[in-house]
Amino acid sequence: MTSRSQVVSDAVFVALAAFVLACTPHAPPVMRAPIAAPQEVRALWVVRDVLTNTDSIKLMVQRAAEHGINTLIVQVRGRGDAYYQSRWEPNPPGVTVTKDFDPLAIVIREAHARNIAVHAWLNTMVLANQDTPPTDSAHLLYQRPDLLAVPYKLSRELYVMDPRDPQYRAKIQQYEKDNRDHVEGFYLSPAAPETKEHIYSLWMDVVDHYDVDGLNFDYVRLPAPDHDYSKISLQRFRLWLMPHLSDAERARFAALESDPLVYVDSFPGRYDDFRRTQVTELVERIYYAVKKRNPHVMVTADVLANSRDAYANRFQDWTSWLRRGFLDVAVLMAYNTSTQVVRDQVKVAVEAGGGARVWAGLGAYRMSVDSVVAKINAARAEGARGVSFFSYASMVHRGAFNPDGAYLARVQAAAWPARAP
């Protein structure tokens, strides 16, 4: 059972957040005429290490403009940190955001001067790396360890442990290290109301204060079926499940509640539905809130290209987000080296949401220019509105698939030589 002190603490947290939101003045949403949607989107994912100084940012935008890119998806929240002026999260180590150096503001200024759209990319559920956790005590990892997603293997042990005990985080961290094949680090629990409120606040902060053309979800999912078995998720599932049980079932399970996993073990399919619903509710709430503030701002999500895996194992039901109308664009992380696989994945997405709401995200970091161009053509053939490349750095720096550093120029010459930027 949740202690009375924990309930009070949670209530105070939510009330304080609401009070701060109500009392902090918001800049009015910028209702400028949006950059005209291009006939074909040609986007770059720009990872946060490009945003550490003004010269790097300016060079990135200049290169994008010179090579026919018309959309930048820039990572301004990496691991619970902010590459912009945030009211809610700290800046990363080595980066101090001020009025004079604001990475997101600089990207917007430089890109808009060249008629390039800017989408602010925010990692959602992933919070911190398992190998190099943050050192700032203000980081959410330390402020609210009770909001961390918990693996099944640790759930019984951590259910009775105080999350403020350093061993609570340490045990999760060790599990993530031992299972790095499918877990990228610490994740937040999507079932926790405070998690949803925190992420919502981040998005509203950006849309209220920056002239963005779009906001982009990434890691809007759980890492694998073995997460999230946190105390808050187990307790909320019990409440979610109760109305669906008969009186006899409720009486029988009441006698077994000493085992915190009794309900999830007994109703695994329903628990999957519950976890999926938590993620979907967050996307839906944020979509409508963004549109209320500025209907011109697009809401996109980087999604696992294999829709079955996304649905069953990551609780990311992105095809229904498209069908139900609370996602403008699904950006498929179609990094497979097989052109036929990518074509099939794009086809599924187009069938779910229509081609205008699908961009094919291609893994330039792991394939040749010829392979990427073949996939661009396959995505076009299936009706996708455009493509996005992961990532800017791999296309301009020398590497195994980019020996002369001219990858981006070669893609431009092969894929859209006669097309206007």
# chains A, B, ... in the order shown; residues from 1 in each chain; ligands from 1
>>> residues_around(residues="range 172-188 of chain A", least_positions_apart="6", cutoff="6 Å", atoms="only C-alpha atoms", output="number ranges by chain")
A: 125-130, 147-149, 223
>>> residues_around(residues="Phe253 in chain A", least_positions_apart="6", cutoff="12 Å", atoms="only C-alpha atoms", output="MDAnalysis selection string")
chainID A and resid 238 241:242 245:247 259:267
>>> closest_residue(among="A:His244, A:Asp328, A:Asp213, A:Ala224", to="Arg270 in chain A", atoms="only C-alpha atoms")
A:His244
>>> select_by_dssp(residues="range 229-374 of chain A", states="helix (DSSP H, G or I)", output="JSON, numbers by chain")
{"A": [231, 232, 233, 234, 235, 236, 237, 238, 239, 240, 241, 242, 243, 244, 247, 248, 249, 250, 251, 252, 253, 254, 262, 263, 264, 265, 266, 268, 269, 270, 271, 272, 273, 274, 275, 276, 277, 278, 279, 280, 281, 282, 283, 284, 285, 286, 287, 288, 289, 290, 291, 292, 293, 307, 308, 309, 310, 311, 312, 313, 318, 319, 320, 321, 322, 323, 324, 339, 340, 341, 342, 343, 344, 345, 346, 347, 348, 349, 350, 351, 352, 353, 355, 356, 357, 364, 365, 366, 369, 370, 371, 372, 373, 374]}
>>> closest_residue(among="A:Asn306, A:Gln345, A:Asn70, A:Ser233", to="Glu194 in chain A", atoms="only C-alpha atoms")
A:Ser233
>>> closest_residue(among="A:Tyr159, A:Phe237, A:Phe389, A:Tyr365", to="Arg276 in chain A", atoms="only C-alpha atoms")
A:Phe237
>>> closest_residue(among="A:Ile57, A:Glu284, A:Val342, A:Tyr392", to="Asp317 in chain A", atoms="only C-alpha atoms")
A:Glu284
>>> atom_distance(atom1="CA of Val350 in chain A", atom2="CA of Ala384 in chain A")
6.8 Å
>>> closest_residue(among="A:Leu44, A:Val297, A:Ala191, A:Ala360", to="His227 in chain A", atoms="only C-alpha atoms")
A:Ala191
>>> residues_around(residues="Arg275 in chain A", least_positions_apart="6", cutoff="10 Å", atoms="only C-alpha atoms", output="ChimeraX atom specification")
/A:189-191,221-222,225,227-229,233,237,314-316
>>> closest_residue(among="A:Tyr142, A:Tyr335, A:Trp45, A:Trp88", to="Val61 in chain A", atoms="only C-alpha atoms")
A:Trp45
>>> residues_around(residues="Ala364 in chain A", least_positions_apart="5", cutoff="12 Å", atoms="only C-alpha atoms", output="MDAnalysis selection string")
chainID A and resid 44:45 333:337 369:376 387:397 399:402 407:408 410:411
>>> atom_distance(atom1="CA of Arg114 in chain A", atom2="CA of Leu51 in chain A")
18.3 Å
>>> atom_distance(atom1="CA of Asn313 in chain A", atom2="CA of His198 in chain A")
24.4 Å
>>> closest_atom_pairs(of="range 191-297 of chain A", to="range 120-124 of chain A", cutoff="7 Å", atoms="only C-alpha atoms", output="JSON lines")
{"residue": "A:Val212", "atom": "CA", "partner": "A:Ala120", "partner_atom": "CA", "distance": 6.8}
{"residue": "A:Gly214", "atom": "CA", "partner": "A:Ala120", "partner_atom": "CA", "distance": 6.3}
{"residue": "A:Leu215", "atom": "CA", "partner": "A:Ala120", "partner_atom": "CA", "distance": 4.8}
{"residue": "A:Asn216", "atom": "CA", "partner": "A:Trp121", "partner_atom": "CA", "distance": 4.5}
{"residue": "A:Phe217", "atom": "CA", "partner": "A:Leu122", "partner_atom": "CA", "distance": 5.6}
{"residue": "A:Asp218", "atom": "CA", "partner": "A:Asn123", "partner_atom": "CA", "distance": 4.6}
{"residue": "A:Tyr219", "atom": "CA", "partner": "A:Thr124", "partner_atom": "CA", "distance": 5.3}
{"residue": "A:Val220", "atom": "CA", "partner": "A:Thr124", "partner_atom": "CA", "distance": 5.3}
>>> decode(residues="range 353-369 of chain A", atoms="C-alpha atoms", output="PDB file, in the first residue's frame")
ATOM      1  CA  GLY A 353      -2.218   7.604 -41.891  1.00  0.00           C
ATOM      2  CA  GLY A 354      -1.883   8.540 -45.537  1.00  0.00           C
ATOM      3  CA  GLY A 355       1.319   9.445 -47.316  1.00  0.00           C
ATOM      4  CA  ALA A 356       1.242  13.115 -46.304  1.00  0.00           C
ATOM      5  CA  ARG A 357       1.641  12.034 -42.675  1.00  0.00           C
ATOM      6  CA  VAL A 358       4.640   9.743 -43.148  1.00  0.00           C
ATOM      7  CA  TRP A 359       8.340  10.545 -43.393  1.00  0.00           C
ATOM      8  CA  ALA A 360      10.794   7.712 -43.895  1.00  0.00           C
ATOM      9  CA  GLY A 361      13.695   8.033 -41.462  1.00  0.00           C
ATOM     10  CA  LEU A 362      16.771   6.474 -43.053  1.00  0.00           C
ATOM     11  CA  GLY A 363      19.919   5.279 -41.286  1.00  0.00           C
ATOM     12  CA  ALA A 364      22.607   7.054 -43.281  1.00  0.00           C
ATOM     13  CA  TYR A 365      25.107   6.166 -40.549  1.00  0.00           C
ATOM     14  CA  ARG A 366      24.962   2.492 -41.504  1.00  0.00           C
ATOM     15  CA  MET A 367      24.662   2.335 -45.296  1.00  0.00           C
ATOM     16  CA  SER A 368      26.116   3.640 -48.533  1.00  0.00           C
ATOM     17  CA  VAL A 369      24.829   6.604 -50.504  1.00  0.00           C
TER      18      VAL A 369
END
